[in-house]
Structure formats: structure tokens, C-alpha cells
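Novice: See coords33.pdb below, with PDB, C-alpha atoms.
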```
ATOM      1  CA  MET A   1     -69.424 -86.596 -99.940
ATOM      2  CA  LEU A   2     -72.865 -85.976-101.427
ATOM      3  CA  ALA A   3     -71.606 -86.567-104.978
ATOM      4  CA  SER A   4     -69.774 -89.727-103.915
ATOM      5  CA  THR A   5     -72.843 -91.131-102.168
ATOM      6  CA  LEU A   6     -75.133 -90.495-105.145
ATOM      7  CA  ARG A   7     -72.691 -92.143-107.531
ATOM      8  CA  LEU A   8     -71.375 -95.056-105.474
ATOM      9  CA  ALA A   9     -74.420 -96.234-103.498
ATOM     10  CA  TRP A  10     -75.612 -99.625-104.803
ATOM     11  CA  LEU A  11     -73.409 -99.176-107.872
ATOM     12  CA  GLU A  12     -73.406-102.935-108.484
ATOM     13  CA  GLN A  13     -77.220-103.126-108.637
ATOM     14  CA  TYR A  14     -78.244 -99.851-110.301
ATOM     15  CA  PRO A  15     -78.532 -99.484-113.239
ATOM     16  CA  THR A  16     -79.732-103.064-113.497
ATOM     17  CA  GLY A  17     -77.569-105.103-115.861
ATOM     18  CA  LEU A  18     -74.752-103.962-118.118
ATOM     19  CA  HIS A  19     -75.439-102.083-121.333
ATOM     20  CA  PHE A  20     -73.598-103.001-124.522
ATOM     21  CA  ASP A  21     -70.619-100.648-124.195
ATOM     22  CA  GLU A  22     -70.037-101.605-120.563
ATOM     23  CA  ALA A  23     -69.972-105.323-121.306
ATOM     24  CA  TRP A  24     -67.795-104.850-124.387
ATOM     25  CA  MET A  25     -65.183-102.648-122.710
ATOM     26  CA  GLY A  26     -65.191-104.711-119.528
ATOM     27  CA  TYR A  27     -64.623-107.980-121.355
ATOM     28  CA  ASN A  28     -61.884-106.444-123.516
ATOM     29  CA  ALA A  29     -60.174-105.223-120.330
ATOM     30  CA  PHE A  30     -60.421-108.771-118.947
ATOM     31  CA  LEU A  31     -58.869-110.270-122.112
ATOM     32  CA  LEU A  32     -56.091-107.658-122.166
ATOM     33  CA  LEU A  33     -55.347-108.447-118.525
ATOM     34  CA  LYS A  34     -55.231-112.218-119.067
ATOM     35  CA  ARG A  35     -53.807-112.563-122.578
ATOM     36  CA  GLY A  36     -52.800-109.124-123.837
ATOM     37  CA  VAL A  37     -55.334-109.273-126.694
ATOM     38  CA  ASN A  38     -58.772-107.839-127.379
ATOM     39  CA  ILE A  39     -61.881-109.756-128.386
ATOM     40  CA  TYR A  40     -60.599-110.019-131.993
ATOM     41  CA  GLY A  41     -57.252-111.443-130.889
ATOM     42  CA  GLN A  42     -55.332-108.230-131.627
ATOM     43  CA  HIS A  43     -52.346-107.662-129.329
ATOM     44  CA  TRP A  44     -52.504-104.404-127.348
ATOM     45  CA  PRO A  45     -54.630-102.483-129.902
ATOM     46  CA  LEU A  46     -55.158 -98.718-129.999
ATOM     47  CA  ASP A  47     -58.843 -99.019-130.829
ATOM     48  CA  VAL A  48     -61.709-101.446-130.355
ATOM     49  CA  ASN A  49     -64.076-102.213-133.227
ATOM     50  CA  ILE A  50     -67.561-102.358-131.697
ATOM     51  CA  LEU A  51     -69.599-103.645-134.648
ATOM     52  CA  GLY A  52     -68.087-101.118-137.050
ATOM     53  CA  ASP A  53     -67.860 -98.336-134.468
ATOM     54  CA  TYR A  54     -64.160 -97.700-133.841
ATOM     55  CA  VAL A  55     -63.781 -96.695-130.202
ATOM     56  CA  SER A  56     -60.481 -95.926-128.490
ATOM     57  CA  ALA A  57     -59.172 -98.827-126.415
ATOM     58  CA  MET A  58     -57.999 -96.421-123.708
ATOM     59  CA  ASN A  59     -61.125 -97.079-121.640
ATOM     60  CA  ALA A  60     -60.421-100.819-121.711
ATOM     61  CA  TYR A  61     -56.807-100.239-120.647
ATOM     62  CA  LEU A  62     -57.881 -97.956-117.797
ATOM     63  CA  LEU A  63     -60.328-100.613-116.599
ATOM     64  CA  ILE A  64     -57.598-103.289-116.270
ATOM     65  CA  PRO A  65     -56.497-102.339-112.702
ATOM     66  CA  PHE A  66     -60.114-102.356-111.492
ATOM     67  CA  VAL A  67     -60.856-105.715-113.139
ATOM     68  CA  LYS A  68     -57.672-107.038-111.539
ATOM     69  CA  LEU A  69     -58.658-105.658-108.139
ATOM     70  CA  PHE A  70     -62.412-106.402-108.068
ATOM     71  CA  GLY A  71     -62.773-109.130-110.700
ATOM     72  CA  LEU A  72     -64.910-108.994-113.853
ATOM     73  CA  ARG A  73     -68.104-107.590-112.357
ATOM     74  CA  PRO A  74     -70.282-104.479-112.837
ATOM     75  CA  PHE A  75     -68.681-102.602-109.917
ATOM     76  CA  ALA A  76     -65.209-102.930-111.455
ATOM     77  CA  ILE A  77     -66.426-101.653-114.825
ATOM     78  CA  ARG A  78     -68.388 -98.735-113.356
ATOM     79  CA  PHE A  79     -65.921 -97.576-110.702
ATOM     80  CA  LEU A  80     -63.599 -95.756-113.148
ATOM     81  CA  PRO A  81     -66.247 -93.353-114.593
ATOM     82  CA  VAL A  82     -67.409 -92.575-111.055
ATOM     83  CA  LEU A  83     -63.857 -91.604-110.071
ATOM     84  CA  ALA A  84     -63.572 -89.496-113.242
ATOM     85  CA  SER A  85     -66.873 -87.793-112.423
ATOM     86  CA  LEU A  86     -65.766 -86.940-108.879
ATOM     87  CA  ALA A  87     -62.380 -85.713-110.142
ATOM     88  CA  THR A  88     -64.198 -83.513-112.662
ATOM     89  CA  LEU A  89     -66.283 -82.035-109.854
ATOM     90  CA  VAL A  90     -63.167 -81.125-107.856
ATOM     91  CA  LEU A  91     -61.242 -79.782-110.848
ATOM     92  CA  GLY A  92     -64.269 -77.914-112.182
ATOM     93  CA  SER A  93     -64.918 -76.287-108.803
ATOM     94  CA  LEU A  94     -61.296 -75.166-108.556
ATOM     95  CA  ALA A  95     -61.494 -73.706-112.072
ATOM     96  CA  VAL A  96     -64.730 -71.831-111.301
ATOM     97  CA  SER A  97     -63.230 -70.542-108.047
ATOM     98  CA  LYS A  98     -60.087 -69.276-109.785
ATOM     99  CA  LEU A  99     -62.011 -67.607-112.608
ATOM    100  CA  THR A 100     -64.821 -66.010-110.573
ATOM    101  CA  LYS A 101     -63.137 -65.617-107.154
ATOM    102  CA  ASN A 102     -66.665 -65.988-105.775
ATOM    103  CA  SER A 103     -67.399 -68.674-103.187
ATOM    104  CA  VAL A 104     -71.181 -68.489-103.725
ATOM    105  CA  ILE A 105     -70.955 -69.154-107.466
ATOM    106  CA  THR A 106     -68.434 -71.919-106.835
ATOM    107  CA  GLY A 107     -70.675 -73.509-104.210
ATOM    108  CA  VAL A 108     -73.751 -73.376-106.437
ATOM    109  CA  PHE A 109     -71.766 -74.933-109.282
ATOM    110  CA  ALA A 110     -70.522 -77.738-107.022
ATOM    111  CA  ILE A 111     -73.985 -78.489-105.628
ATOM    112  CA  LEU A 112     -75.669 -78.524-109.047
ATOM    113  CA  PHE A 113     -72.916 -80.782-110.381
ATOM    114  CA  ALA A 114     -73.152 -83.121-107.387
ATOM    115  CA  VAL A 115     -76.905 -83.662-107.772
ATOM    116  CA  SER A 116     -77.122 -83.521-111.576
ATOM    117  CA  PRO A 117     -79.226 -86.576-112.565
ATOM    118  CA  TRP A 118     -77.638 -86.609-116.035
ATOM    119  CA  ASN A 119     -74.111 -86.801-114.673
ATOM    120  CA  ILE A 120     -75.080 -89.353-112.018
ATOM    121  CA  ILE A 121     -76.711 -91.661-114.580
ATOM    122  CA  MET A 122     -73.883 -91.320-117.107
ATOM    123  CA  SER A 123     -71.205 -91.965-114.490
ATOM    124  CA  ARG A 124     -73.016 -94.909-112.893
ATOM    125  CA  ALA A 125     -73.680 -96.439-116.320
ATOM    126  CA  SER A 126     -69.965 -96.460-117.131
ATOM    127  CA  SER A 127     -70.080 -93.914-119.939
ATOM    128  CA  ILE A 128     -66.859 -92.994-121.748
ATOM    129  CA  VAL A 129     -68.346 -89.503-122.124
ATOM    130  CA  ILE A 130     -67.464 -88.869-118.455
ATOM    131  CA  LEU A 131     -63.808 -89.627-119.175
ATOM    132  CA  ASP A 132     -63.947 -87.326-122.197
ATOM    133  CA  THR A 133     -65.351 -84.491-120.089
ATOM    134  CA  PHE A 134     -62.529 -84.958-117.584
ATOM    135  CA  PHE A 135     -59.941 -84.910-120.390
ATOM    136  CA  LEU A 136     -61.322 -81.701-121.939
ATOM    137  CA  LEU A 137     -61.382 -80.007-118.541
ATOM    138  CA  ILE A 138     -57.758 -80.954-117.865
ATOM    139  CA  PHE A 139     -56.790 -79.615-121.303
ATOM    140  CA  SER A 140     -58.687 -76.344-120.706
ATOM    141  CA  CYS A 141     -57.223 -75.789-117.219
ATOM    142  CA  THR A 142     -53.669 -76.614-118.317
ATOM    143  CA  TYR A 143     -53.939 -74.421-121.405
ATOM    144  CA  TYR A 144     -55.335 -71.462-119.470
ATOM    145  CA  PHE A 145     -52.751 -71.923-116.671
ATOM    146  CA  LEU A 146     -49.896 -71.754-119.199
ATOM    147  CA  TRP A 147     -51.403 -68.684-120.861
ATOM    148  CA  HIS A 148     -51.809 -66.967-117.501
ATOM    149  CA  HIS A 149     -48.155 -67.534-116.587
ATOM    150  CA  LEU A 150     -47.014 -66.486-120.057
ATOM    151  CA  LEU A 151     -48.855 -63.165-119.821
ATOM    152  CA  GLU A 152     -47.805 -62.485-116.219
ATOM    153  CA  LYS A 153     -44.126 -63.402-116.669
ATOM    154  CA  LYS A 154     -41.868 -60.349-116.753
ATOM    155  CA  GLY A 155     -38.637 -61.998-117.894
ATOM    156  CA  SER A 156     -37.937 -64.600-120.574
ATOM    157  CA  LYS A 157     -41.063 -66.156-122.041
ATOM    158  CA  SER A 158     -39.438 -68.587-124.464
ATOM    159  CA  SER A 159     -39.615 -71.628-122.147
ATOM    160  CA  ILE A 160     -43.316 -71.096-121.416
ATOM    161  CA  ILE A 161     -44.048 -70.588-125.130
ATOM    162  CA  VAL A 162     -42.309 -73.862-125.977
ATOM    163  CA  LEU A 163     -44.205 -75.623-123.178
ATOM    164  CA  LEU A 164     -47.473 -74.110-124.410
ATOM    165  CA  LEU A 165     -46.863 -75.314-127.977
ATOM    166  CA  ILE A 166     -45.825 -78.824-126.965
ATOM    167  CA  SER A 167     -48.591 -79.332-124.395
ATOM    168  CA  THR A 168     -51.310 -78.077-126.746
ATOM    169  CA  TYR A 169     -50.242 -80.379-129.544
ATOM    170  CA  PHE A 170     -49.887 -83.239-127.061
ATOM    171  CA  PHE A 171     -53.442 -82.790-125.754
ATOM    172  CA  ALA A 172     -54.832 -82.401-129.270
ATOM    173  CA  THR A 173     -53.171 -85.614-130.432
ATOM    174  CA  LEU A 174     -54.132 -87.440-127.241
ATOM    175  CA  SER A 175     -57.777 -86.617-127.967
ATOM    176  CA  TYR A 176     -57.711 -89.375-130.610
ATOM    177  CA  PHE A 177     -57.267 -91.891-127.841
ATOM    178  CA  THR A 178     -59.999 -90.596-125.525
ATOM    179  CA  TYR A 179     -63.408 -90.217-127.167
ATOM    180  CA  PHE A 180     -65.003 -88.827-130.328
ATOM    181  CA  THR A 181     -66.087 -85.537-128.777
ATOM    182  CA  SER A 182     -62.550 -84.410-127.931
ATOM    183  CA  ARG A 183     -61.407 -84.613-131.537
ATOM    184  CA  LEU A 184     -63.792 -81.842-132.505
ATOM    185  CA  LEU A 185     -63.810 -79.772-129.299
ATOM    186  CA  VAL A 186     -60.074 -79.412-128.644
ATOM    187  CA  ILE A 187     -59.720 -76.900-131.495
ATOM    188  CA  PRO A 188     -62.604 -74.543-130.557
ATOM    189  CA  PHE A 189     -61.764 -74.879-126.844
ATOM    190  CA  GLY A 190     -58.168 -73.868-127.556
ATOM    191  CA  ILE A 191     -59.171 -70.903-129.725
ATOM    192  CA  VAL A 192     -61.672 -69.589-127.164
ATOM    193  CA  ILE A 193     -59.212 -69.977-124.265
ATOM    194  CA  THR A 194     -56.483 -68.247-126.279
ATOM    195  CA  PHE A 195     -58.570 -65.126-126.841
ATOM    196  CA  PHE A 196     -60.122 -65.253-123.379
ATOM    197  CA  ALA A 197     -56.762 -65.448-121.606
ATOM    198  CA  ILE A 198     -55.248 -62.644-123.676
ATOM    199  CA  SER A 199     -58.347 -60.422-123.487
ATOM    200  CA  THR A 200     -58.288 -60.515-119.676
ATOM    201  CA  HIS A 201     -54.920 -58.730-119.865
ATOM    202  CA  SER A 202     -55.952 -56.213-122.539
ATOM    203  CA  LEU A 203     -57.862 -52.960-122.390
ATOM    204  CA  SER A 204     -59.611 -53.292-125.735
ATOM    205  CA  ILE A 205     -60.127 -55.540-128.735
ATOM    206  CA  LYS A 206     -57.788 -53.292-130.736
ATOM    207  CA  GLN A 207     -55.001 -53.766-128.229
ATOM    208  CA  LEU A 208     -55.659 -57.501-128.255
ATOM    209  CA  PHE A 209     -54.563 -57.748-131.888
ATOM    210  CA  VAL A 210     -52.032 -54.924-131.948
ATOM    211  CA  LYS A 211     -50.244 -55.609-128.677
ATOM    212  CA  HIS A 212     -50.645 -59.393-128.539
ATOM    213  CA  LYS A 213     -50.805 -60.452-132.187
ATOM    214  CA  ARG A 214     -47.662 -62.551-131.843
ATOM    215  CA  LEU A 215     -49.050 -64.280-128.765
ATOM    216  CA  VAL A 216     -52.300 -64.994-130.612
ATOM    217  CA  GLY A 217     -50.216 -66.670-133.276
ATOM    218  CA  VAL A 218     -48.410 -68.710-130.626
ATOM    219  CA  GLY A 219     -51.715 -70.009-129.297
ATOM    220  CA  LEU A 220     -53.263 -70.788-132.660
ATOM    221  CA  LEU A 221     -50.174 -72.352-134.291
ATOM    222  CA  PRO A 222     -50.399 -75.793-132.598
ATOM    223  CA  LEU A 223     -54.150 -75.864-133.267
ATOM    224  CA  LEU A 224     -53.521 -75.186-136.960
ATOM    225  CA  LEU A 225     -50.839 -77.897-137.004
ATOM    226  CA  TYR A 226     -53.355 -80.274-135.399
ATOM    227  CA  LEU A 227     -55.767 -79.553-138.259
ATOM    228  CA  ILE A 228     -53.116 -80.897-140.619
ATOM    229  CA  PHE A 229     -52.029 -83.814-138.465
ATOM    230  CA  PRO A 230     -53.630 -85.863-137.091
ATOM    231  CA  PHE A 231     -57.080 -84.366-137.786
ATOM    232  CA  THR A 232     -57.060 -84.222-141.609
ATOM    233  CA  LEU A 233     -55.242 -87.545-141.939
ATOM    234  CA  MET A 234     -57.462 -89.395-139.452
ATOM    235  CA  LEU A 235     -60.641 -87.852-140.848
ATOM    236  CA  LYS A 236     -60.191 -89.972-143.973
ATOM    237  CA  THR A 237     -60.121 -93.223-142.032
ATOM    238  CA  PRO A 238     -62.896 -95.257-140.378
ATOM    239  CA  PHE A 239     -61.131 -94.729-137.065
ATOM    240  CA  ALA A 240     -62.349 -91.129-137.125
ATOM    241  CA  LEU A 241     -65.581 -91.436-139.083
ATOM    242  CA  GLY A 242     -67.005 -94.606-137.561
ATOM    243  CA  ARG A 243     -69.126 -92.692-135.057
ATOM    244  CA  TYR A 244     -69.867 -89.637-137.190
ATOM    245  CA  ALA A 245     -71.175 -91.664-140.123
ATOM    246  CA  GLN A 246     -73.309 -93.702-137.751
ATOM    247  CA  THR A 247     -74.840 -90.601-136.192
ATOM    248  CA  THR A 248     -75.850 -88.995-139.506
ATOM    249  CA  ILE A 249     -72.873 -86.687-139.895
ATOM    250  CA  ILE A 250     -70.397 -86.614-142.789
ATOM    251  CA  GLU A 251     -72.345 -87.865-145.784
ATOM    252  CA  SER A 252     -74.408 -90.654-144.240
ATOM    253  CA  ASP A 253     -77.143 -92.389-146.239
ATOM    254  CA  LEU A 254     -79.719 -90.137-144.579
ATOM    255  CA  VAL A 255     -77.858 -87.003-145.679
ATOM    256  CA  ARG A 256     -77.484 -88.224-149.271
ATOM    257  CA  ALA A 257     -81.138 -89.256-149.438
ATOM    258  CA  LYS A 258     -82.267 -85.844-148.228
ATOM    259  CA  ARG A 259     -80.137 -84.045-150.795
ATOM    260  CA  PHE A 260     -81.483 -86.288-153.585
ATOM    261  CA  VAL A 261     -85.095 -85.542-152.591
ATOM    262  CA  ASP A 262     -84.436 -81.803-152.232
ATOM    263  CA  ILE A 263     -82.794 -81.559-155.667
ATOM    264  CA  ALA A 264     -85.600 -83.602-157.234
ATOM    265  CA  HIS A 265     -88.216 -81.274-155.759
ATOM    266  CA  ALA A 266     -86.226 -78.248-156.928
ATOM    267  CA  GLY A 267     -86.316 -79.642-160.455
ATOM    268  CA  GLU A 268     -90.052 -80.280-160.271
ATOM    269  CA  VAL A 269     -90.798 -76.652-159.368
ATOM    270  CA  GLY A 270     -88.334 -75.311-161.928
ATOM    271  CA  LEU A 271     -85.820 -73.789-159.524
ATOM    272  CA  PRO A 272     -82.789 -72.296-161.347
ATOM    273  CA  ILE A 273     -79.747 -74.587-161.330
ATOM    274  CA  ALA A 274     -77.517 -71.987-159.654
ATOM    275  CA  LEU A 275     -80.030 -71.493-156.852
ATOM    276  CA  THR A 276     -80.464 -75.246-156.442
ATOM    277  CA  ARG A 277     -76.709 -75.685-156.037
ATOM    278  CA  LEU A 278     -76.647 -72.871-153.498
ATOM    279  CA  LEU A 279     -79.476 -74.294-151.385
ATOM    280  CA  TYR A 280     -78.919 -78.040-151.722
ATOM    281  CA  ASN A 281     -75.306 -79.163-151.465
ATOM    282  CA  LYS A 282     -73.147 -81.273-149.150
ATOM    283  CA  VAL A 283     -72.659 -78.456-146.667
ATOM    284  CA  THR A 284     -76.317 -77.457-146.341
ATOM    285  CA  SER A 285     -77.624 -81.032-146.256
ATOM    286  CA  ASN A 286     -75.164 -82.115-143.567
ATOM    287  CA  ALA A 287     -75.932 -78.989-141.529
ATOM    288  CA  THR A 288     -79.687 -79.520-141.838
ATOM    289  CA  ILE A 289     -79.516 -83.132-140.690
ATOM    290  CA  PHE A 290     -77.197 -82.151-137.844
ATOM    291  CA  LEU A 291     -79.613 -79.477-136.653
ATOM    292  CA  LYS A 292     -82.549 -81.848-136.896
ATOM    293  CA  HIS A 293     -80.961 -84.760-135.050
ATOM    294  CA  TYR A 294     -78.770 -83.015-132.485
ATOM    295  CA  LEU A 295     -79.910 -79.521-131.662
ATOM    296  CA  THR A 296     -83.576 -80.512-131.618
ATOM    297  CA  PHE A 297     -82.606 -83.158-129.090
ATOM    298  CA  LEU A 298     -82.039 -80.234-126.712
ATOM    299  CA  SER A 299     -85.270 -78.432-127.598
ATOM    300  CA  PRO A 300     -87.869 -77.838-124.821
ATOM    301  CA  ASN A 301     -90.321 -80.129-126.585
ATOM    302  CA  THR A 302     -87.863 -83.026-126.662
ATOM    303  CA  LEU A 303     -86.447 -82.387-123.213
ATOM    304  CA  LEU A 304     -89.722 -81.899-121.380
ATOM    305  CA  PHE A 305     -92.397 -83.873-123.190
ATOM    306  CA  GLN A 306     -90.892 -86.681-125.276
ATOM    307  CA  THR A 307     -90.196 -89.729-123.139
ATOM    308  CA  THR A 308     -89.433 -92.215-125.913
ATOM    309  CA  PRO A 309     -85.770 -93.109-126.475
ATOM    310  CA  GLN A 310     -83.895 -91.558-129.380
ATOM    311  CA  LYS A 311     -82.814 -93.815-132.239
ATOM    312  CA  ARG A 312     -79.202 -93.636-131.149
ATOM    313  CA  TYR A 313     -79.876 -94.415-127.498
ATOM    314  CA  LEU A 314     -81.641 -97.211-125.653
ATOM    315  CA  VAL A 315     -81.971 -95.620-122.206
ATOM    316  CA  GLN A 316     -85.588 -94.721-121.462
ATOM    317  CA  ASN A 317     -86.347 -91.057-120.731
ATOM    318  CA  VAL A 318     -82.809 -89.981-121.589
ATOM    319  CA  GLY A 319     -84.188 -86.832-123.244
ATOM    320  CA  VAL A 320     -86.191 -85.645-120.245
ATOM    321  CA  VAL A 321     -84.975 -82.868-117.988
ATOM    322  CA  THR A 322     -85.737 -83.396-114.319
ATOM    323  CA  ALA A 323     -87.170 -80.631-112.174
ATOM    324  CA  ILE A 324     -83.877 -79.800-110.464
ATOM    325  CA  GLU A 325     -82.029 -79.577-113.799
ATOM    326  CA  LEU A 326     -84.732 -77.299-115.213
ATOM    327  CA  ILE A 327     -84.456 -74.999-112.180
ATOM    328  CA  GLY A 328     -80.664 -75.019-112.521
ATOM    329  CA  LEU A 329     -80.922 -74.232-116.241
ATOM    330  CA  ILE A 330     -83.290 -71.303-115.664
ATOM    331  CA  ALA A 331     -81.073 -69.985-112.846
ATOM    332  CA  ALA A 332     -77.955 -70.269-115.021
ATOM    333  CA  VAL A 333     -79.597 -68.382-117.904
ATOM    334  CA  GLY A 334     -80.832 -65.746-115.458
ATOM    335  CA  ILE A 335     -77.405 -65.241-113.924
TER
END
```
Kindly transcribe the structure held in the file into C-alpha cells.
Specialist:
Amino acid sequence: MLASTLRLAWLEQYPTGLHFDEAWMGYNAFLLLKRGVNIYGQHWPLDVNILGDYVSAMNAYLLIPFVKLFGLRPFAIRFLPVLASLATLVLGSLAVSKLTKNSVITGVFAILFAVSPWNIIMSRASSIVILDTFFLLIFSCTYYFLWHHLLEKKGSKSSIIVLLLISTYFFATLSYFTYFTSRLLVIPFGIVITFFAISTHSLSIKQLFVKHKRLVGVGLLPLLLYLIFPFTLMLKTPFALGRYAQTTIIESDLVRAKRFVDIAHAGEVGLPIALTRLLYNKVTSNATIFLKHYLTFLSPNTLLFQTTPQKRYLVQNVGVVTAIELIGLIAAVGI
């Protein structure tokens, strides 16, 4: 009830006005409802080109019932992420309860989630990130649930193994129609859950690989297949790289410029060619830019003292942690 109130109260008025993504997705949902086309006249597309940024059209499709029910207005566009946020709270609390079997930890998690200013703002501002979080949580819970039943089952395991393989590959492929984050996180999430689920039924790391090596292979096989298709295939298309190139990942102009300057400076100081190649290459330059633009965004200096918007975002004070989030963060680290 608390989470619902904080996310639904005056949803039409706050935040004031629609931001770009909200208006774009909302209007595409309206056009799909009325004519079956997007803003470019494409019939029932899989993606929406937002000024060169290829975003999945799933959000627009999911908005159609709400636009039909409430009309083309801010409440209709924002109601879906709020529902996804509340569903994530319920599903997340159930997952924490099952894993910890501790009502206090579960309650603290639920309360911190309910009052999290970041989640409230992102859900009220109709962010697709909320839908992506919900998708990843469903994938994680389903994957762990199947692993748990596979390890506990005494009889035939073939049906569960087949279901595990199919469902994992299904979720991994579906990630291309949710949001950019899922495409990269499904693989590490799956690997971590695989080892976590198996390790909870093992006495040691040695037994994990000796006793369950075949099961490890079962869990990793669909993730390896996903790396081949659709990940590798889609990675070569603008449908996958539209966002990453824009946010200074995967050989953007900023990355190439940095590497050029670094190599030039290495030549000026007479650095050996072999050492220059080792220090300044595509891998190191991309990693350096990533660390600078993403991990520093979460640094204490950025979170606590910088109130100017980042280049990528237009929401004021988006990089500032509120007092309650800081307390929650410290408590979480302490625990």
C-alpha cells in the first residue's frame, strides 16, 4: 500500500510534463492502436528508431491497452511502469523470503524498495528500465526454481533438464525485445545462478565440479548457444549497438579519440612499440572510457556532491543519493 501510494499519487501531474521517451513510446502506442503502424509508417515493427537509437517496440505494444482504456494522456503512459515496479516489489520480496527464510530481512528489503526515491522516480517517469528489471527478476526466479527442482528430484530428471534448456534460451532471446540491459545481463545472471544453485547442494567446490560437472554443463549450454545466436549476430547490427555506441561503448568516437591521443603521447616519450600495443588498444581504451563514464557515476563524489545532470541524462539531480538511500546503502554493506 505504501509503495502504491508513493508511485500512483498525482501520477498525472508529477513529474511535470512528458520526457522524450515517454512521448515517443506513448504516441507510437497510439498509432499502433489506431492504424497498426509506428511513427515511420512501419506495420507492427519489432523496434522503434528513436533518432538513431533502436529501442524495442515491446514497451509501445504493452502501452496499447492503457492508451485504449485511459486515452492518450500521461497517466496511461506511466501506469504500466508503476505496475511493473509494484510487481517487482512483490516478486523480489518472495525471492528474498525463499532464499533467506528470514522475515526481518524480507521486511527491510520490502520497506527500502517501497520508499526508494530512485525507483519511485524511474517508475513514475515511465522508464523502460523498470520493465527490464522486472524481466531480469522473472528470468532469475524461474531459472533458480528449475535448478532447485532439478537438484531435489529423485527420479527422472530429463524433463526438467529439457525445460531448463528451453526456458533459458527463451528468456535469453526474449531479452532482445525488452531493453538493452537484459542483453548483457542474462548471461552473467545465468552463470551465477547456475553455480549458486548447485553449490547450495554441494559440500565443497571440489564436489561441485566432480559430482555436478554434467549439470554445470546443462546450465551453461543454453548460455553458450545464446552467445552464438542471437548475441553475436545481433551485435553486428545497429539494433544492438545503437545504445552502446551512443553511450561511449564499443568503439565510439570518444574511445577512438582517446586511443589516438594515448598512442601519440606514447610515441612522443619513446615508449616501445610492444608496450604501446599492450597499454593502448581497443580493449583497454573501451574499458577506460567505460570506467570513467559509468563506474564513476556511482562514486561518492558524483552521488553526493555533483548535482548537475550527466551528459546522457536530462533529469536534474539524478546522480544524487538521498539520505534514506545512503542509510540503506550503509546498512546493506554492514549486513
Novice: Mind giving me the straight-line distance from atom CA of A:Leu32 to atom CA of A:Pro230 in Å, one decimal?
Specialist: 26.5 Å
Novice: Taking the file as shown, find all residues satisfying the PyMOL selection byres ((chain A and resi 39) around 9) and write them as a list of chain:residue names.
Specialist: A:Trp24, A:Tyr27, A:Asn28, A:Leu31, A:Leu32, A:Val37, A:Asn38, A:Tyr40, A:Gly41, A:Gln42, A:Val48
Novice: Smallest atom-to-atom distance to A:Pro81: which of A:Asp132, A:Glu12, A:Glu268, A:Asp47, using all atoms listed in the file?
Specialist: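 Of A:Asp132, A:Glu12, A:Glu268, A:Asp47, the one nearest A:Pro81, counting all atoms listed in the file, is A:Asp132.
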Novice: Could you check how far atom CA of A:Ile330 sits from atom CA of A:Leu89, in Å to one decimal?
Specialist: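 Rounded to one decimal, the two atoms are 20.9 Å apart.
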Novice: Tell me which residues the PyMOL selection byres ((chain A and resi 65) around 12) grabs here, as a ChimeraX atom specification.
Specialist: /A:26,29-30,32-34,59-64,66-72,76-77,79-80
Novice: For the structure shown, which residues end up in the PyMOL selection byres ((chain A and resi 125-128) around 10)? Put them as a ChimeraX atom specification, please?
Specialist: /A:7,11,14-19,21-23,25-26,55-56,58-59,74-82,84,119-124,129-133,178-180
Novice: Around the point (-54.7, -60.0, -117.2) (coordinates from the file), which residues reach within 8 Å if we count all atoms listed in the file? Answer as a list in words.
Specialist: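 Protein and nucleic acid residues near the point are His148, Leu151, Glu152, Ala197, Ile198, Ser199, Thr200, His201 and Ser202 of chain A.
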Novice: For the selection just defined, write its residues with C-alpha atoms to a file, as a short mmCIF file (atom, residue, chain, number, x, y, z; two decimals), in the frame of the given file.
Specialist:
```
data_model
loop_
_atom_site.label_atom_id
_atom_site.label_comp_id
_atom_site.auth_asym_id
_atom_site.auth_seq_id
_atom_site.Cartn_x
_atom_site.Cartn_y
_atom_site.Cartn_z
CA HIS A 148 -51.81 -66.97 -117.50
CA LEU A 151 -48.86 -63.16 -119.82
CA GLU A 152 -47.80 -62.48 -116.22
CA ALA A 197 -56.76 -65.45 -121.61
CA ILE A 198 -55.25 -62.64 -123.68
CA SER A 199 -58.35 -60.42 -123.49
CA THR A 200 -58.29 -60.52 -119.68
CA HIS A 201 -54.92 -58.73 -119.86
CA SER A 202 -55.95 -56.21 -122.54
#
```
